$ cat final07.cif   # mmCIF, C-alpha atoms
data_data
loop_
_atom_site.label_atom_id
_atom_site.label_comp_id
_atom_site.auth_asym_id
_atom_site.auth_seq_id
_atom_site.Cartn_x
_atom_site.Cartn_y
_atom_site.Cartn_z
CA MET A 1 -114.27 -3.04 -108.21
CA ALA A 2 -110.74 -1.98 -107.34
CA ASP A 3 -109.82 -1.94 -111.02
CA LEU A 4 -112.72 0.34 -111.84
CA LEU A 5 -111.74 2.69 -109.01
CA ASN A 6 -108.21 2.73 -110.42
CA ALA A 7 -109.64 3.49 -113.87
CA PHE A 8 -111.63 6.34 -112.34
CA ALA A 9 -108.47 7.74 -110.69
CA ILE A 10 -106.49 7.56 -113.95
CA ALA A 11 -109.38 9.23 -115.78
CA GLY A 12 -109.36 11.92 -113.09
CA LYS A 13 -105.75 12.65 -113.94
CA ALA A 14 -106.72 13.01 -117.60
CA PHE A 15 -109.55 15.35 -116.49
CA PHE A 16 -106.96 17.84 -115.19
CA GLY A 17 -103.99 16.86 -117.40
CA PHE A 18 -102.22 18.87 -120.07
CA GLN A 19 -104.12 17.12 -122.88
CA ALA A 20 -107.37 18.51 -121.46
CA ILE A 21 -105.70 21.94 -121.49
CA PHE A 22 -104.64 21.37 -125.10
CA PHE A 23 -108.17 20.55 -126.25
CA ALA A 24 -109.66 23.31 -124.08
CA LEU A 25 -107.53 25.96 -125.80
CA LEU A 26 -108.29 24.51 -129.23
CA ALA A 27 -111.99 24.49 -128.40
CA ILE A 28 -111.93 28.04 -127.01
CA GLY A 29 -110.52 29.18 -130.35
CA ILE A 30 -113.14 27.19 -132.26
CA ASN A 31 -115.80 28.68 -130.00
CA VAL A 32 -114.71 32.17 -131.09
CA HIS A 33 -114.80 31.03 -134.73
CA PHE A 34 -117.87 28.83 -134.86
CA GLY A 35 -119.81 29.44 -131.66
CA TYR A 36 -119.75 33.23 -131.67
CA THR A 37 -118.92 34.30 -135.26
CA GLY A 38 -120.22 31.41 -137.35
CA LEU A 39 -116.92 30.59 -139.09
CA LEU A 40 -116.35 26.95 -140.04
CA ASN A 41 -112.68 26.38 -139.29
CA PHE A 42 -111.76 22.72 -139.74
CA GLY A 43 -108.01 23.31 -139.50
CA GLN A 44 -107.55 24.55 -135.94
CA ILE A 45 -104.77 22.02 -135.43
CA ALA A 46 -102.63 23.94 -137.95
CA PHE A 47 -102.45 26.87 -135.52
CA ALA A 48 -101.51 24.46 -132.74
CA MET A 49 -98.74 23.01 -134.91
CA LEU A 50 -97.27 26.44 -135.54
CA GLY A 51 -97.41 27.25 -131.84
CA GLY A 52 -95.71 24.01 -130.80
CA PHE A 53 -93.07 24.10 -133.51
CA GLY A 54 -92.53 27.81 -132.96
CA ILE A 55 -91.10 26.97 -129.56
CA ALA A 56 -89.41 23.72 -130.63
CA ILE A 57 -87.59 25.18 -133.63
CA SER A 58 -86.62 28.40 -131.84
CA VAL A 59 -85.06 26.56 -128.89
CA SER A 60 -83.72 23.35 -130.44
CA GLN A 61 -82.60 24.61 -133.83
CA TRP A 62 -81.92 28.30 -133.39
CA GLY A 63 -80.72 28.30 -129.79
CA LEU A 64 -83.12 31.06 -128.74
CA PRO A 65 -84.63 31.42 -125.25
CA PHE A 66 -87.90 29.64 -124.54
CA TRP A 67 -89.96 32.83 -124.30
CA VAL A 68 -88.67 34.01 -127.67
CA GLY A 69 -90.10 30.79 -129.06
CA VAL A 70 -93.50 31.79 -127.67
CA LEU A 71 -93.15 35.13 -129.46
CA VAL A 72 -92.35 33.25 -132.67
CA GLY A 73 -95.32 30.90 -132.44
CA VAL A 74 -97.97 33.60 -131.90
CA PRO A 75 -97.06 35.76 -134.95
CA ALA A 76 -96.84 32.58 -137.05
CA ALA A 77 -100.45 31.80 -136.11
CA VAL A 78 -101.49 35.37 -136.95
CA VAL A 79 -99.85 35.13 -140.38
CA LEU A 80 -101.55 31.80 -141.07
CA ALA A 81 -104.95 33.25 -140.10
CA LEU A 82 -104.40 36.17 -142.47
CA LEU A 83 -103.35 33.87 -145.30
CA LEU A 84 -106.42 31.69 -144.75
CA GLY A 85 -108.87 34.53 -144.26
CA LEU A 86 -107.89 36.94 -147.04
CA PRO A 87 -109.14 34.77 -149.93
CA THR A 88 -112.04 33.03 -148.15
CA LEU A 89 -113.86 35.26 -145.68
CA ARG A 90 -115.69 37.17 -148.40
CA LEU A 91 -117.12 33.86 -149.64
CA ARG A 92 -119.50 31.27 -148.16
CA ALA A 93 -118.57 29.45 -144.96
CA ASP A 94 -117.83 26.16 -146.70
CA TYR A 95 -114.91 27.71 -148.60
CA LEU A 96 -113.16 28.51 -145.32
CA ALA A 97 -113.85 24.96 -144.11
CA ILE A 98 -112.29 23.43 -147.22
CA VAL A 99 -109.25 25.71 -147.18
CA THR A 100 -108.52 25.24 -143.47
CA ILE A 101 -108.72 21.45 -143.44
CA ALA A 102 -106.55 21.24 -146.55
CA THR A 103 -104.01 23.69 -145.13
CA ALA A 104 -103.74 21.80 -141.85
CA GLU A 105 -103.02 18.52 -143.62
CA GLY A 106 -100.67 20.20 -146.07
CA LEU A 107 -98.65 21.80 -143.26
CA ARG A 108 -98.35 18.46 -141.48
CA LEU A 109 -97.02 16.80 -144.64
CA VAL A 110 -94.58 19.65 -145.25
CA PHE A 111 -93.29 19.55 -141.67
CA ARG A 112 -92.69 15.78 -141.84
CA SER A 113 -91.12 15.85 -145.32
CA VAL A 114 -87.47 15.02 -145.98
CA SER A 115 -86.74 18.53 -147.23
CA ALA A 116 -87.97 20.03 -143.93
CA THR A 117 -86.00 17.60 -141.73
CA PRO A 118 -83.10 20.05 -141.05
CA VAL A 119 -85.59 22.48 -139.51
CA THR A 120 -88.50 20.42 -138.13
CA GLY A 121 -86.78 17.08 -137.55
CA GLY A 122 -89.00 15.37 -140.11
CA THR A 123 -90.96 12.37 -138.93
CA ARG A 124 -88.93 12.17 -135.70
CA GLY A 125 -89.63 15.78 -134.77
CA LEU A 126 -87.78 17.80 -132.14
CA SER A 127 -87.28 17.32 -128.41
CA ALA A 128 -85.44 18.65 -125.34
CA PHE A 129 -86.72 22.21 -125.72
CA ASN A 130 -88.83 22.53 -122.55
CA ARG A 131 -86.05 22.39 -119.95
CA ASP A 132 -85.92 26.15 -119.35
CA PHE A 133 -89.67 26.19 -118.76
CA ILE A 134 -89.66 23.19 -116.40
CA ALA A 135 -86.76 24.74 -114.49
CA LEU A 136 -89.03 27.66 -113.53
CA ALA A 137 -91.21 25.38 -111.38
CA PRO A 138 -91.24 26.54 -107.73
CA TRP A 139 -91.05 22.92 -106.51
CA ASP A 140 -88.86 19.88 -107.08
CA THR A 141 -89.55 18.69 -110.62
CA ALA A 142 -87.78 15.37 -110.03
CA ARG A 143 -90.13 14.39 -107.22
CA ARG A 144 -93.35 12.38 -107.64
CA TYR A 145 -96.51 13.70 -105.97
CA ASP A 146 -99.57 11.66 -105.03
CA LEU A 147 -102.74 13.44 -106.11
CA LEU A 148 -106.22 12.15 -106.98
CA GLY A 149 -105.11 8.57 -106.44
CA THR A 150 -102.36 8.82 -109.08
CA THR A 151 -98.80 10.08 -109.20
CA TRP A 152 -97.74 13.31 -110.89
CA SER A 153 -94.21 14.43 -111.61
CA GLY A 154 -93.21 17.93 -110.59
CA GLY A 155 -92.89 18.84 -114.26
CA GLU A 156 -96.43 17.65 -115.03
CA LEU A 157 -97.82 19.71 -112.17
CA TRP A 158 -95.97 22.80 -113.36
CA VAL A 159 -97.20 22.44 -116.95
CA CYS A 160 -100.78 21.89 -115.75
CA THR A 161 -100.63 24.82 -113.33
CA VAL A 162 -99.45 27.26 -115.99
CA GLY A 163 -101.76 25.68 -118.57
CA TRP A 164 -104.93 26.07 -116.49
CA ILE A 165 -103.97 29.66 -115.65
CA LEU A 166 -103.67 30.25 -119.39
CA VAL A 167 -107.08 28.65 -119.98
CA ALA A 168 -108.59 30.88 -117.28
CA LEU A 169 -107.05 34.02 -118.81
CA CYS A 170 -108.23 33.10 -122.31
CA SER A 171 -111.73 32.35 -121.03
CA LEU A 172 -111.79 35.66 -119.15
CA LEU A 173 -110.72 37.48 -122.32
CA VAL A 174 -113.50 35.81 -124.33
CA TRP A 175 -116.02 36.64 -121.60
CA ALA A 176 -115.01 40.30 -121.67
CA LEU A 177 -114.95 40.54 -125.47
CA MET A 178 -118.35 38.94 -125.95
CA ARG A 179 -119.90 41.49 -123.60
CA SER A 180 -118.28 44.37 -125.45
CA PRO A 181 -119.56 46.08 -128.61
CA TRP A 182 -117.12 43.95 -130.61
CA GLY A 183 -118.67 40.75 -129.27
CA ARG A 184 -122.18 41.93 -130.02
CA VAL A 185 -121.17 42.60 -133.62
CA VAL A 186 -119.59 39.18 -134.20
CA LYS A 187 -122.63 37.44 -132.70
CA ALA A 188 -124.83 39.49 -135.01
CA ILE A 189 -122.67 38.39 -137.94
CA ARG A 190 -123.33 34.79 -136.95
CA GLU A 191 -127.06 35.40 -137.08
CA ASP A 192 -127.31 37.58 -140.21
CA GLU A 193 -124.23 39.17 -141.68
CA ASP A 194 -126.24 40.99 -144.37
CA ALA A 195 -128.13 42.87 -141.66
CA VAL A 196 -124.84 43.79 -139.97
CA ARG A 197 -123.41 44.97 -143.27
CA SER A 198 -126.49 47.12 -143.88
CA LEU A 199 -125.75 48.91 -140.59
CA GLY A 200 -122.37 50.01 -141.93
CA LYS A 201 -120.17 47.47 -140.13
CA ASN A 202 -117.17 45.99 -141.93
CA VAL A 203 -118.14 42.33 -141.69
CA TYR A 204 -114.96 41.17 -143.41
CA ALA A 205 -112.74 42.92 -140.85
CA TYR A 206 -114.67 41.51 -137.90
CA LYS A 207 -114.46 37.98 -139.32
CA MET A 208 -110.73 38.36 -139.83
CA GLN A 209 -110.24 39.59 -136.27
CA ALA A 210 -112.21 36.61 -134.92
CA LEU A 211 -110.20 34.19 -137.08
CA VAL A 212 -106.91 35.64 -135.83
CA LEU A 213 -107.99 35.60 -132.19
CA GLY A 214 -109.18 31.99 -132.32
CA GLY A 215 -105.99 31.00 -134.12
CA ILE A 216 -103.87 32.52 -131.35
CA PHE A 217 -105.78 30.45 -128.77
CA GLY A 218 -105.06 27.37 -130.90
CA ALA A 219 -101.36 28.26 -131.00
CA PHE A 220 -101.30 28.48 -127.19
CA GLY A 221 -102.83 25.00 -127.10
CA GLY A 222 -100.08 23.66 -129.33
CA MET A 223 -97.46 25.22 -127.08
CA VAL A 224 -98.92 23.56 -123.98
CA TYR A 225 -99.05 20.20 -125.77
CA ALA A 226 -95.45 20.48 -126.99
CA VAL A 227 -94.17 21.50 -123.54
CA GLY A 228 -96.23 18.79 -121.84
CA THR A 229 -94.95 15.99 -124.06
CA GLY A 230 -91.45 17.42 -124.33
CA SER A 231 -91.48 16.82 -128.07
CA ALA A 232 -92.91 18.26 -131.28
CA ILE A 233 -93.68 15.65 -133.92
CA PRO A 234 -95.71 16.56 -137.03
CA ASP A 235 -97.88 13.45 -136.79
CA GLN A 236 -99.06 14.54 -133.33
CA TYR A 237 -100.94 17.36 -135.05
CA GLN A 238 -103.45 15.50 -137.19
CA ASN A 239 -106.83 16.80 -138.31
CA ALA A 240 -108.56 14.32 -136.00
CA ASN A 241 -107.60 16.59 -133.10
CA THR A 242 -109.60 19.43 -134.62
CA PHE A 243 -112.71 17.28 -134.68
CA LEU A 244 -112.10 16.12 -131.11
CA ALA A 245 -111.98 19.79 -130.14
CA TYR A 246 -115.29 20.28 -131.95
CA ALA A 247 -116.65 17.30 -130.00
CA ALA A 248 -115.53 18.95 -126.75
CA LEU A 249 -117.22 22.20 -127.79
CA ILE A 250 -120.46 20.43 -128.69
CA LEU A 251 -120.35 18.47 -125.42
CA GLY A 252 -119.89 21.56 -123.27
CA GLY A 253 -122.03 23.93 -125.32
CA ALA A 254 -121.18 26.35 -128.12
CA ALA A 255 -121.21 30.11 -127.55
CA ARG A 256 -120.69 29.62 -123.81
CA VAL A 257 -117.47 30.78 -122.16
CA LEU A 258 -117.01 27.64 -120.04
CA GLY A 259 -118.55 25.26 -122.59
CA PRO A 260 -115.30 24.35 -124.36
CA VAL A 261 -113.38 24.07 -121.08
CA ILE A 262 -115.81 21.73 -119.30
CA GLY A 263 -116.41 19.82 -122.54
CA SER A 264 -112.68 19.17 -123.01
CA MET A 265 -112.26 17.97 -119.44
CA LEU A 266 -115.25 15.63 -119.72
CA LEU A 267 -114.15 14.33 -123.13
CA LEU A 268 -110.68 13.40 -121.87
CA PHE A 269 -112.17 11.84 -118.73
CA ILE A 270 -114.59 9.70 -120.76
CA LEU A 271 -111.94 8.59 -123.26
CA GLN A 272 -109.46 7.62 -120.55
CA PHE A 273 -112.07 5.94 -118.35
CA ALA A 274 -113.36 3.92 -121.31
CA ASP A 275 -109.82 2.88 -122.25
CA THR A 276 -108.65 1.89 -118.76
CA GLY A 277 -111.99 0.42 -117.70
CA LEU A 278 -112.37 -1.78 -120.76
CA ARG A 279 -108.78 -3.02 -120.46
CA SER A 280 -109.31 -3.96 -116.82
CA LEU A 281 -112.54 -5.80 -117.67
CA ILE A 282 -110.72 -7.75 -120.38
CA ALA A 283 -107.80 -8.55 -118.06
CA ASN A 284 -110.19 -9.86 -115.38
CA GLY A 285 -112.12 -11.98 -117.84
CA VAL A 286 -115.36 -10.02 -117.45
CA ILE A 287 -115.23 -9.34 -121.18
CA PRO A 288 -113.99 -12.44 -123.07
CA SER A 289 -110.82 -11.79 -125.05
CA GLU A 290 -112.43 -13.57 -127.99
CA LEU A 291 -115.13 -10.88 -128.04
CA LEU A 292 -112.87 -7.89 -127.48
CA SER A 293 -109.08 -7.73 -127.41
CA SER A 294 -106.94 -5.08 -125.78
CA THR A 295 -105.76 -3.86 -129.17
CA ASP A 296 -109.36 -3.02 -130.13
CA VAL A 297 -110.00 -0.86 -127.07
CA ALA A 298 -108.33 2.24 -128.52
CA GLN A 299 -110.75 2.24 -131.44
CA LEU A 300 -113.81 1.12 -129.47
CA ARG A 301 -113.60 4.01 -127.02
CA TYR A 302 -113.98 6.48 -129.90
CA VAL A 303 -116.97 4.50 -131.16
CA LEU A 304 -118.60 4.75 -127.72
CA VAL A 305 -117.88 8.48 -127.51
CA GLY A 306 -119.27 8.93 -131.02
CA ILE A 307 -122.50 7.17 -130.09
CA GLY A 308 -122.76 9.32 -126.98
CA LEU A 309 -122.31 12.50 -129.02
CA MET A 310 -124.96 11.35 -131.49
CA LEU A 311 -127.41 10.86 -128.64
CA LEU A 312 -126.43 14.22 -127.20
CA LEU A 313 -127.12 15.94 -130.54
CA VAL A 314 -130.50 14.22 -130.76
CA PHE A 315 -131.74 14.96 -127.25
CA ARG A 316 -129.73 18.05 -126.28
CA PRO A 317 -128.04 19.60 -129.35
CA GLN A 318 -127.01 22.71 -127.39
CA GLY A 319 -124.67 20.68 -125.16
CA ILE A 320 -124.49 20.65 -121.38
CA PHE A 321 -124.36 24.42 -120.81
CA GLY A 322 -125.49 25.67 -124.21
CA ASP A 323 -128.63 27.40 -125.42
CA ARG A 324 -130.55 25.81 -128.30
CA ARG A 325 -130.85 29.23 -129.97
CA GLU A 326 -127.05 29.52 -130.14
CA VAL A 327 -126.65 26.43 -132.37
CA MET A 328 -129.34 27.39 -134.89
CA LEU A 329 -126.65 28.57 -137.30
CA ASP A 330 -127.29 29.33 -140.97
CA ALA A 331 -123.79 29.05 -142.46
CA ARG A 332 -123.29 31.46 -145.34
#

$ encode --input "final07.cif" --output "structure tokens"
Amino acid sequence: MADLLNAFAIAGKAFFGFQAIFFALLAIGINVHFGYTGLLNFGQIAFAMLGGFGIAISVSQWGLPFWVGVLVGVPAAVVLALLLGLPTLRLRADYLAIVTIATAEGLRLVFRSVSATPVTGGTRGLSAFNRDFIALAPWDTARRYDLLGTTWSGGELWVCTVGWILVALCSLLVWALMRSPWGRVVKAIREDEDAVRSLGKNVYAYKMQALVLGGIFGAFGGMVYAVGTGSAIPDQYQNANTFLAYAALILGGAARVLGPVIGSMLLLFILQFADTGLRSLIANGVIPSELLSSTDVAQLRYVLVGIGLMLLLVFRPQGIFGDRREVMLDAR
């Protein structure tokens, strides 16, 4: 019983940790793309990579201030969105999906290549670029704090504080936009872009704006992840993270402002609780080691989450907070 309570406490830390912030920002961007506009972006992690490496390269390699690195990462995400959207947004949705997933994997391979090592650090990546940010914390970053039954460093608390403020601001921006004329147009594009075009709206321009906005949110997520880990390694930004962000969005509910945020928090809680709980059950002999070993837990937790998402899609496809009408999408 004590072990399960400990697993619950550790999962509670993941519920509020910087990884939940990372997936929340990725999912907010995907929500703008898929939930509100109907764009199938399967390469959201590419925007996160540019955001994280924008800071890492600027500080570690070029000796620029931390905040200049933020200003480098955001325009890089905008440029990537333009490069992805210009040739694809006039075509069917599946073309954007193919291009984005291929671009994300291609960028990862380029960033980890030998030729890029002088700039990106190659497979080892870059580190020691978040000191200026951590130094801004209004409390002692070297001290350990007891919260939620676990210990947090001062640096972790500072990253999470700024990260959740950023999530709140991004969510507020989405809330305001989707209640504006611009938001009504993009939601109409999701439903029937031909009807919107017949009313004289430039569908291509609205799609591009949504792609850029969601990409910027993804870049912010990559920045939080890089600052939280204190390192930027290309292999941290794999396509699997995009699909985990989609899982968080589906869990919370698409086309809902808080859907991606709550979904990300719950997803990280479930994954961490499954990992810690299963390991404790194996250690105590409740689950025989012959049946399940500790090395298999990392894979099994994703299987359990996958089964849960399948059941969710069967019985409540709109997610926890979603509306069934919002997920009846006819991708074009």

$ atom_distance --input "final07.cif" --atom1 "atom CA of A:Ala247" --atom2 "atom CA of A:Phe15"
15.4 Å

$ atom_distance --input "final07.cif" --atom1 "atom CA of A:Ser231" --atom2 "atom CA of A:Ala128"
6.9 Å

$ closest_atom_pairs --input "final07.cif" --of "stretch 16-89 of chain A" --to "stretch 261-269 of chain A" --cutoff "12 Å" --atoms "only C-alpha atoms" --output "tab-separated table"
residue	atom	partner	partner_atom	distance
A:Phe16	CA	A:Met265	CA	6.8
A:Gly17	CA	A:Met265	CA	8.6
A:Phe18	CA	A:Met265	CA	10.1
A:Gln19	CA	A:Leu268	CA	7.6
A:Ala20	CA	A:Met265	CA	5.3
A:Ile21	CA	A:Ser264	CA	7.7
A:Phe22	CA	A:Ser264	CA	8.6
A:Phe23	CA	A:Ser264	CA	5.7
A:Ala24	CA	A:Val261	CA	4.8
A:Leu25	CA	A:Val261	CA	7.8
A:Leu26	CA	A:Ser264	CA	9.3
A:Ala27	CA	A:Val261	CA	7.5
A:Ile28	CA	A:Val261	CA	7.3
A:Gly29	CA	A:Val261	CA	11.0
A:Ile30	CA	A:Val261	CA	11.6
A:Asn31	CA	A:Val261	CA	10.3

$ resolve_selection --input "final07.cif" --expression "the PyMOL selection byres ((chain A and resi 322) around 10)" --output "ChimeraX atom specification"
/A:249-259,316-321,323-327

$ atom_distance --input "final07.cif" --atom1 "atom CA of A:Ala11" --atom2 "atom CA of A:Leu292"
21.0 Å

$ residues_around --input "final07.cif" --residues "A:Gly121" --least-positions-apart "5" --cutoff "12 Å" --atoms "all atoms listed in the file" --output "PyMOL selection string"
chain A and resi 53+56-57+60-61+110-116+126-127+231-235

$ closest_residue --input "final07.cif" --among "A:Gly183, A:Gly73, A:Pro260, A:Gly308" --to "A:Val224" --atoms "all atoms listed in the file"
A:Gly73

$ residues_around --input "final07.cif" --residues "A:Ala137" --least-positions-apart "6" --cutoff "9 Å" --atoms "all atoms listed in the file" --output "VMD selection string"
chain A and resid 154 to 155 157 to 159

$ closest_residue --input "final07.cif" --among "A:Val196, A:Cys160, A:Met223, A:Leu148" --to "A:Gly52" --atoms "only C-alpha atoms"
A:Met223

$ closest_residue --input "final07.cif" --among "A:Phe217, A:Phe34, A:Ala77, A:Trp62" --to "A:Val167" --atoms "all atoms listed in the file"
A:Phe217

$ decode --input "final07.cif" --residues "stretch 7-30 of chain A" --atoms "N, CA, C and O atoms" --output "mmCIF file, in the first residue's frame"
data_model
loop_
_atom_site.group_PDB
_atom_site.id
_atom_site.type_symbol
_atom_site.label_atom_id
_atom_site.label_comp_id
_atom_site.auth_asym_id
_atom_site.auth_seq_id
_atom_site.Cartn_x
_atom_site.Cartn_y
_atom_site.Cartn_z
ATOM 1 N N ALA A 7 3.943 5.687 -5.521
ATOM 2 C CA ALA A 7 3.769 5.774 -6.972
ATOM 3 C C ALA A 7 2.801 6.890 -7.329
ATOM 4 O O ALA A 7 2.999 7.625 -8.315
ATOM 5 N N PHE A 8 1.748 7.037 -6.524
ATOM 6 C CA PHE A 8 0.774 8.102 -6.753
ATOM 7 C C PHE A 8 1.429 9.475 -6.578
ATOM 8 O O PHE A 8 1.166 10.406 -7.351
ATOM 9 N N ALA A 9 2.290 9.616 -5.570
ATOM 10 C CA ALA A 9 2.970 10.891 -5.329
ATOM 11 C C ALA A 9 3.923 11.230 -6.480
ATOM 12 O O ALA A 9 3.977 12.379 -6.940
ATOM 13 N N ILE A 10 4.662 10.226 -6.957
ATOM 14 C CA ILE A 10 5.591 10.453 -8.068
ATOM 15 C C ILE A 10 4.818 10.825 -9.336
ATOM 16 O O ILE A 10 5.223 11.702 -10.109
ATOM 17 N N ALA A 11 3.674 10.131 -9.544
ATOM 18 C CA ALA A 11 2.838 10.455 -10.694
ATOM 19 C C ALA A 11 2.260 11.864 -10.566
ATOM 20 O O ALA A 11 2.080 12.564 -11.566
ATOM 21 N N GLY A 12 1.985 12.290 -9.329
ATOM 22 C CA GLY A 12 1.507 13.651 -9.108
ATOM 23 C C GLY A 12 2.537 14.684 -9.507
ATOM 24 O O GLY A 12 2.198 15.752 -10.031
ATOM 25 N N LYS A 13 3.806 14.361 -9.286
ATOM 26 C CA LYS A 13 4.868 15.267 -9.727
ATOM 27 C C LYS A 13 4.898 15.353 -11.245
ATOM 28 O O LYS A 13 5.080 16.439 -11.820
ATOM 29 N N ALA A 14 4.721 14.207 -11.920
ATOM 30 C CA ALA A 14 4.671 14.214 -13.379
ATOM 31 C C ALA A 14 3.464 14.995 -13.887
ATOM 32 O O ALA A 14 3.509 15.629 -14.947
ATOM 33 N N PHE A 15 2.368 14.974 -13.125
ATOM 34 C CA PHE A 15 1.134 15.681 -13.481
ATOM 35 C C PHE A 15 1.388 17.175 -13.631
ATOM 36 O O PHE A 15 0.794 17.834 -14.493
ATOM 37 N N PHE A 16 2.278 17.724 -12.787
ATOM 38 C CA PHE A 16 2.571 19.153 -12.818
ATOM 39 C C PHE A 16 3.961 19.454 -13.389
ATOM 40 O O PHE A 16 4.344 20.621 -13.470
ATOM 41 N N GLY A 17 4.723 18.440 -13.787
ATOM 42 C CA GLY A 17 6.111 18.632 -14.191
ATOM 43 C C GLY A 17 6.277 19.271 -15.560
ATOM 44 O O GLY A 17 5.318 19.500 -16.299
ATOM 45 N N PHE A 18 7.532 19.547 -15.914
ATOM 46 C CA PHE A 18 7.800 20.264 -17.164
ATOM 47 C C PHE A 18 7.483 19.420 -18.391
ATOM 48 O O PHE A 18 7.210 19.961 -19.463
ATOM 49 N N GLN A 19 7.499 18.075 -18.256
ATOM 50 C CA GLN A 19 7.130 17.250 -19.401
ATOM 51 C C GLN A 19 5.646 17.390 -19.729
ATOM 52 O O GLN A 19 5.252 17.378 -20.895
ATOM 53 N N ALA A 20 4.814 17.546 -18.699
ATOM 54 C CA ALA A 20 3.392 17.811 -18.938
ATOM 55 C C ALA A 20 3.216 19.153 -19.643
ATOM 56 O O ALA A 20 2.357 19.301 -20.517
ATOM 57 N N ILE A 21 4.038 20.134 -19.271
ATOM 58 C CA ILE A 21 3.999 21.435 -19.943
ATOM 59 C C ILE A 21 4.409 21.286 -21.400
ATOM 60 O O ILE A 21 3.788 21.856 -22.307
ATOM 61 N N PHE A 22 5.455 20.499 -21.630
ATOM 62 C CA PHE A 22 5.947 20.246 -22.988
ATOM 63 C C PHE A 22 4.838 19.672 -23.867
ATOM 64 O O PHE A 22 4.548 20.194 -24.955
ATOM 65 N N PHE A 23 4.195 18.619 -23.393
ATOM 66 C CA PHE A 23 3.135 17.997 -24.196
ATOM 67 C C PHE A 23 1.903 18.891 -24.286
ATOM 68 O O PHE A 23 1.186 18.868 -25.296
ATOM 69 N N ALA A 24 1.635 19.680 -23.248
ATOM 70 C CA ALA A 24 0.493 20.593 -23.299
ATOM 71 C C ALA A 24 0.672 21.628 -24.401
ATOM 72 O O ALA A 24 -0.266 21.904 -25.170
ATOM 73 N N LEU A 25 1.878 22.191 -24.519
ATOM 74 C CA LEU A 25 2.122 23.190 -25.562
ATOM 75 C C LEU A 25 2.108 22.558 -26.947
ATOM 76 O O LEU A 25 1.592 23.159 -27.905
ATOM 77 N N LEU A 26 2.675 21.351 -27.070
ATOM 78 C CA LEU A 26 2.580 20.649 -28.349
ATOM 79 C C LEU A 26 1.120 20.414 -28.713
ATOM 80 O O LEU A 26 0.697 20.621 -29.864
ATOM 81 N N ALA A 27 0.335 19.949 -27.735
ATOM 82 C CA ALA A 27 -1.063 19.621 -28.000
ATOM 83 C C ALA A 27 -1.898 20.870 -28.266
ATOM 84 O O ALA A 27 -2.850 20.821 -29.056
ATOM 85 N N ILE A 28 -1.582 21.983 -27.634
ATOM 86 C CA ILE A 28 -2.297 23.233 -27.922
ATOM 87 C C ILE A 28 -2.082 23.617 -29.385
ATOM 88 O O ILE A 28 -3.015 24.032 -30.086
ATOM 89 N N GLY A 29 -0.839 23.481 -29.850
ATOM 90 C CA GLY A 29 -0.560 23.763 -31.255
ATOM 91 C C GLY A 29 -1.303 22.814 -32.184
ATOM 92 O O GLY A 29 -1.875 23.233 -33.199
ATOM 93 N N ILE A 30 -1.306 21.519 -31.850
ATOM 94 C CA ILE A 30 -2.035 20.544 -32.663
ATOM 95 C C ILE A 30 -3.532 20.823 -32.620
ATOM 96 O O ILE A 30 -4.243 20.610 -33.607
#
